[in-house]
Amino acid sequence: MKRLTTAFVLALFIATTAAASRVLIAASETSVTGAGTAAFPSGTVFNGVTLTTSQFGKGVVLNSDGSASGDFYNVLDGGTALGAQTITVTGRVSYGSLNADGSATFGGNSSVDMGDGSRPTSVPFTVTATSMGITLVLGATTLPTQTLTSGGVDIR
Amino acid sequence: MNTNHRPAAASLLKWIGVGLLSVTVVPLLAVVFVLPFAGRVAAAFDYSADLATPQVTPDFSIAHTLDFFFGSLLSTSTQSFPSGTITGKVTGGGTISADDARIPPRSRSFGYVAMGQVVIDSATGASNCTPATPCPAKGHLNYVNHTTGVHINGEVTEITNFQFFATPPGPTKGTATFRGTDTKSGCGTFTVSVTDNGEPGTNDRFGIDCGGETTFGQRQHSGGNSQIHPPQAK
């Protein structure tokens, strides 16, 4: 009977350990990738720069616990009365999740280069991505959705 | 009669007690003491919900066993590279190129994720993944050639190279090559090769070959970043 009990306890221990391992590993990951160009609605202005088009590239892994990792790159093209100006956003992603409508929201900290000769600044950012476009929030400013004009965004 | 029944009843109660103790305390102990190593347990037995092909044979040698339980404690002081079975992960988003006149800056955009189980050699930082023996992987690639309009889009299925570079404590550096099948432009199998040369990503590199689409090897980013992720990162 003792052997039976020992075997039972051992089996239970192994089963619990294996189950815990499976649960840990089976935690789902979603990749969000994209590359292409997009357009701002007319009249979009950010920090005095009128934005017209953009270019983007991103590779992000969303974990089921709300953490995330990856990279977001967005070049915002526009201009001022002085001429063309390009704003560059280079973001390191640290959190994110899938939304009920199939879109993905992720964010972290970014380096924003205003393209006016000033030094790049560190700004928190958030992106909501769909297959149709991306909505970028820089600090407290939500920019209008950039609608894809070439390339694509995949959330899988 | 009573004296005959008491030992049987006592014995029954005793085993019920043992049973209750087993189903409550043992799982609790298992979770408390083993869960911190659950990832390693899973890797050692190749439990994976996503990667169907086993590629690791359990190694029960003393050295491996010590590394299994204490690797994370020993690695920072005695190893130059992450080692053992890990989830190799590389991500990136940006544009090329900054080093080749044939590919003007911002003329190509990319975004990718590639990850899979790899076994890292602690002496060299290289992995077991090769073109001849690729490691199963998952992930996705988007790439656009803005000059020609070619859009390459497909799932990542294999890692054929994954290597950490020797670095002092700080951001991880390394290189990786992965493959998959394009479903957008019809160019067939794509091969992407990237190098993470540290932060920021100005010295990182990205290259792709798929049918007639080529970047002539890895080209320096004109913007964005590529990251070889350290093993502890999810």
# chains A, B, ... in the order shown; residues from 1 in each chain; ligands from 1

call {"tool": "residues_around", "arguments": {"residues": "B:Thr85", "least_positions_apart": "2", "cutoff": "7 Å", "atoms": "only C-alpha atoms", "output": "list in words"}}
result
Ala43, Ser83, Gln117, Val118, Val119 and Ile120 of chain B

call {"tool": "select_by_dssp", "arguments": {"residues": "stretch 81-159 of chain B", "states": "strand (DSSP E or B)", "output": "PyMOL selection string"}}
result
chain B and resi 84-96+108-120+126-127+135-136+138-145+151-159

call {"tool": "write_last_selection", "arguments": {"atoms": "C-alpha atoms", "output": "PDB file, in the first residue's frame"}}
result
ATOM      1  CA  GLY B  84      21.086  26.239 -23.583  1.00  0.00           C
ATOM      2  CA  THR B  85      17.636  25.935 -25.064  1.00  0.00           C
ATOM      3  CA  ILE B  86      15.930  29.283 -25.350  1.00  0.00           C
ATOM      4  CA  THR B  87      13.248  30.993 -27.364  1.00  0.00           C
ATOM      5  CA  GLY B  88      15.280  32.828 -29.956  1.00  0.00           C
ATOM      6  CA  LYS B  89      13.423  35.972 -30.891  1.00  0.00           C
ATOM      7  CA  VAL B  90      14.188  38.784 -33.291  1.00  0.00           C
ATOM      8  CA  THR B  91      11.956  41.749 -34.137  1.00  0.00           C
ATOM      9  CA  GLY B  92      12.375  44.807 -36.278  1.00  0.00           C
ATOM     10  CA  GLY B  93      10.766  47.733 -38.009  1.00  0.00           C
ATOM     11  CA  GLY B  94      12.376  50.368 -40.168  1.00  0.00           C
ATOM     12  CA  THR B  95      13.758  51.328 -43.537  1.00  0.00           C
ATOM     13  CA  ILE B  96      16.905  50.800 -45.620  1.00  0.00           C
ATOM     14  CA  ARG B 108      12.397  49.903 -48.632  1.00  0.00           C
ATOM     15  CA  SER B 109      10.274  49.457 -45.491  1.00  0.00           C
ATOM     16  CA  PHE B 110      10.179  46.350 -43.323  1.00  0.00           C
ATOM     17  CA  GLY B 111       8.518  44.961 -40.222  1.00  0.00           C
ATOM     18  CA  TYR B 112       9.078  41.454 -38.914  1.00  0.00           C
ATOM     19  CA  VAL B 113       8.861  39.013 -36.023  1.00  0.00           C
ATOM     20  CA  ALA B 114      10.640  35.650 -35.981  1.00  0.00           C
ATOM     21  CA  MET B 115      10.938  33.320 -33.012  1.00  0.00           C
ATOM     22  CA  GLY B 116      11.550  29.674 -32.261  1.00  0.00           C
ATOM     23  CA  GLN B 117      13.315  27.279 -29.946  1.00  0.00           C
ATOM     24  CA  VAL B 118      17.085  27.367 -30.471  1.00  0.00           C
ATOM     25  CA  VAL B 119      19.996  25.776 -28.644  1.00  0.00           C
ATOM     26  CA  ILE B 120      22.843  28.215 -27.996  1.00  0.00           C
ATOM     27  CA  ALA B 126      25.953  30.296 -32.145  1.00  0.00           C
ATOM     28  CA  SER B 127      22.835  28.165 -32.329  1.00  0.00           C
ATOM     29  CA  CYS B 135      14.825  25.353 -36.541  1.00  0.00           C
ATOM     30  CA  PRO B 136      11.020  25.535 -36.759  1.00  0.00           C
ATOM     31  CA  LYS B 138       6.820  31.318 -36.223  1.00  0.00           C
ATOM     32  CA  GLY B 139       6.314  34.977 -36.940  1.00  0.00           C
ATOM     33  CA  HIS B 140       5.551  37.218 -39.878  1.00  0.00           C
ATOM     34  CA  LEU B 141       7.200  39.505 -42.406  1.00  0.00           C
ATOM     35  CA  ASN B 142       6.047  42.615 -44.200  1.00  0.00           C
ATOM     36  CA  TYR B 143       8.401  44.242 -46.698  1.00  0.00           C
ATOM     37  CA  VAL B 144       7.711  46.921 -49.289  1.00  0.00           C
ATOM     38  CA  ASN B 145       9.909  48.122 -52.128  1.00  0.00           C
ATOM     39  CA  HIS B 151       5.032  43.914 -51.291  1.00  0.00           C
ATOM     40  CA  ILE B 152       6.326  40.707 -49.711  1.00  0.00           C
ATOM     41  CA  ASN B 153       4.081  39.322 -46.991  1.00  0.00           C
ATOM     42  CA  GLY B 154       4.216  35.903 -45.377  1.00  0.00           C
ATOM     43  CA  GLU B 155       4.534  33.691 -42.355  1.00  0.00           C
ATOM     44  CA  VAL B 156       7.968  32.915 -40.974  1.00  0.00           C
ATOM     45  CA  THR B 157       8.486  29.145 -40.786  1.00  0.00           C
ATOM     46  CA  GLU B 158      12.203  28.521 -40.203  1.00  0.00           C
ATOM     47  CA  ILE B 159      15.228  30.034 -38.528  1.00  0.00           C
TER      48      ILE B 159
END

call {"tool": "residues_around", "arguments": {"residues": "A:Ser64", "least_positions_apart": "5", "cutoff": "9 Å", "atoms": "only C-alpha atoms", "output": "compact mmCIF listing (two decimals) with all heavy atoms, in the first residue's frame"}}
result
# COMPACT_ATOMS: atom_id res chain seq x y z
N ALA A 27 0.86 29.95 -23.23
CA ALA A 27 0.41 31.34 -23.20
C ALA A 27 0.59 31.92 -24.59
O ALA A 27 1.67 31.93 -25.13
CB ALA A 27 1.24 32.12 -22.19
N SER A 28 -0.48 32.42 -25.17
CA SER A 28 -0.46 32.75 -26.58
C SER A 28 0.31 34.04 -26.84
O SER A 28 0.32 34.94 -26.02
CB SER A 28 -1.88 32.88 -27.09
OG SER A 28 -2.55 33.90 -26.39
N GLU A 29 0.95 34.06 -27.98
CA GLU A 29 1.66 35.26 -28.42
C GLU A 29 1.08 35.66 -29.76
O GLU A 29 0.75 34.81 -30.57
CB GLU A 29 3.16 34.96 -28.57
CG GLU A 29 3.85 34.70 -27.24
CD GLU A 29 5.20 34.04 -27.44
OE1 GLU A 29 5.32 33.20 -28.36
OE2 GLU A 29 6.11 34.34 -26.68
N THR A 30 0.97 36.94 -29.97
CA THR A 30 0.45 37.46 -31.23
C THR A 30 1.50 38.37 -31.84
O THR A 30 2.08 39.20 -31.14
CB THR A 30 -0.83 38.27 -30.99
OG1 THR A 30 -1.79 37.44 -30.35
CG2 THR A 30 -1.40 38.79 -32.30
N GLY A 96 1.25 45.76 -24.55
CA GLY A 96 0.29 45.73 -25.65
C GLY A 96 -0.70 44.60 -25.49
O GLY A 96 -0.51 43.69 -24.69
N SER A 97 -1.77 44.69 -26.25
CA SER A 97 -2.80 43.64 -26.18
C SER A 97 -3.69 43.70 -27.42
O SER A 97 -3.71 44.69 -28.14
CB SER A 97 -3.64 43.80 -24.91
OG SER A 97 -4.28 45.06 -24.93
N LEU A 98 -4.41 42.61 -27.61
CA LEU A 98 -5.40 42.55 -28.69
C LEU A 98 -6.69 43.17 -28.20
O LEU A 98 -7.05 43.03 -27.03
CB LEU A 98 -5.66 41.10 -29.08
CG LEU A 98 -4.62 40.43 -29.98
CD1 LEU A 98 -4.97 38.96 -30.14
CD2 LEU A 98 -4.58 41.11 -31.34

call {"tool": "closest_residue", "arguments": {"among": "A:Thr80, A:Thr145, A:Ser110, A:Ser69", "to": "chain B", "atoms": "only C-alpha atoms"}}
result
A:Ser69

call {"tool": "closest_residue", "arguments": {"among": "B:Thr148, B:Phe190, B:Gly19, B:Gly207", "to": "chain A", "atoms": "only C-alpha atoms"}}
result
B:Gly19

call {"tool": "residues_around", "arguments": {"residues": "B:Asn161", "least_positions_apart": "6", "cutoff": "9 Å", "atoms": "only C-alpha atoms", "output": "VMD selection string"}}
result
chain B and resid 126 to 131 134 to 135 175 to 178 193

call {"tool": "select_by_dssp", "arguments": {"residues": "chain A", "states": "alpha helix (DSSP H)", "output": "list in words"}}
result
Lys2, Arg3, Leu4, Thr5, Thr6, Ala7, Phe8, Val9, Leu10, Ala11, Leu12, Phe13, Ile14, Ala15, Thr16, Thr17, Ala18, Ala19, Ala20, Ser21, Arg22, Val23, Leu24, Ile25 and Ala26 of chain A

call {"tool": "write_last_selection", "arguments": {"atoms": "C-alpha atoms", "output": "PDB file, in the first residue's frame"}}
result
ATOM      1  CA  LYS A   2       2.921   2.324   0.794  1.00  0.00           C
ATOM      2  CA  ARG A   3       4.356   1.772  -2.670  1.00  0.00           C
ATOM      3  CA  LEU A   4       1.006   2.519  -4.207  1.00  0.00           C
ATOM      4  CA  THR A   5       0.730   5.725  -2.203  1.00  0.00           C
ATOM      5  CA  THR A   6       4.259   6.779  -3.126  1.00  0.00           C
ATOM      6  CA  ALA A   7       3.601   6.104  -6.789  1.00  0.00           C
ATOM      7  CA  PHE A   8       0.340   8.053  -6.614  1.00  0.00           C
ATOM      8  CA  VAL A   9       1.983  11.038  -4.935  1.00  0.00           C
ATOM      9  CA  LEU A  10       4.861  10.990  -7.441  1.00  0.00           C
ATOM     10  CA  ALA A  11       2.502  10.769 -10.392  1.00  0.00           C
ATOM     11  CA  LEU A  12       0.440  13.637  -9.035  1.00  0.00           C
ATOM     12  CA  PHE A  13       3.561  15.760  -8.577  1.00  0.00           C
ATOM     13  CA  ILE A  14       4.772  15.087 -12.124  1.00  0.00           C
ATOM     14  CA  ALA A  15       1.340  15.704 -13.607  1.00  0.00           C
ATOM     15  CA  THR A  16       1.008  19.014 -11.785  1.00  0.00           C
ATOM     16  CA  THR A  17       4.465  20.108 -12.883  1.00  0.00           C
ATOM     17  CA  ALA A  18       3.826  19.147 -16.493  1.00  0.00           C
ATOM     18  CA  ALA A  19       0.464  20.896 -16.504  1.00  0.00           C
ATOM     19  CA  ALA A  20       2.004  24.057 -15.073  1.00  0.00           C
ATOM     20  CA  SER A  21       4.702  23.946 -17.743  1.00  0.00           C
ATOM     21  CA  ARG A  22       2.176  23.542 -20.515  1.00  0.00           C
ATOM     22  CA  VAL A  23       0.098  26.403 -19.233  1.00  0.00           C
ATOM     23  CA  LEU A  24       3.179  28.599 -19.085  1.00  0.00           C
ATOM     24  CA  ILE A  25       4.364  27.763 -22.581  1.00  0.00           C
ATOM     25  CA  ALA A  26       0.927  27.698 -24.165  1.00  0.00           C
TER      26      ALA A  26
END

call {"tool": "residues_around", "arguments": {"residues": "A:Pro120", "least_positions_apart": "3", "cutoff": "12 Å", "atoms": "only C-alpha atoms", "output": "ChimeraX atom specification"}}
result
/A:87-90,110-117,123

call {"tool": "atom_distance", "arguments": {"atom1": "atom CA of B:Asn225", "atom2": "atom CA of A:Thr44"}}
result
26.7 Å
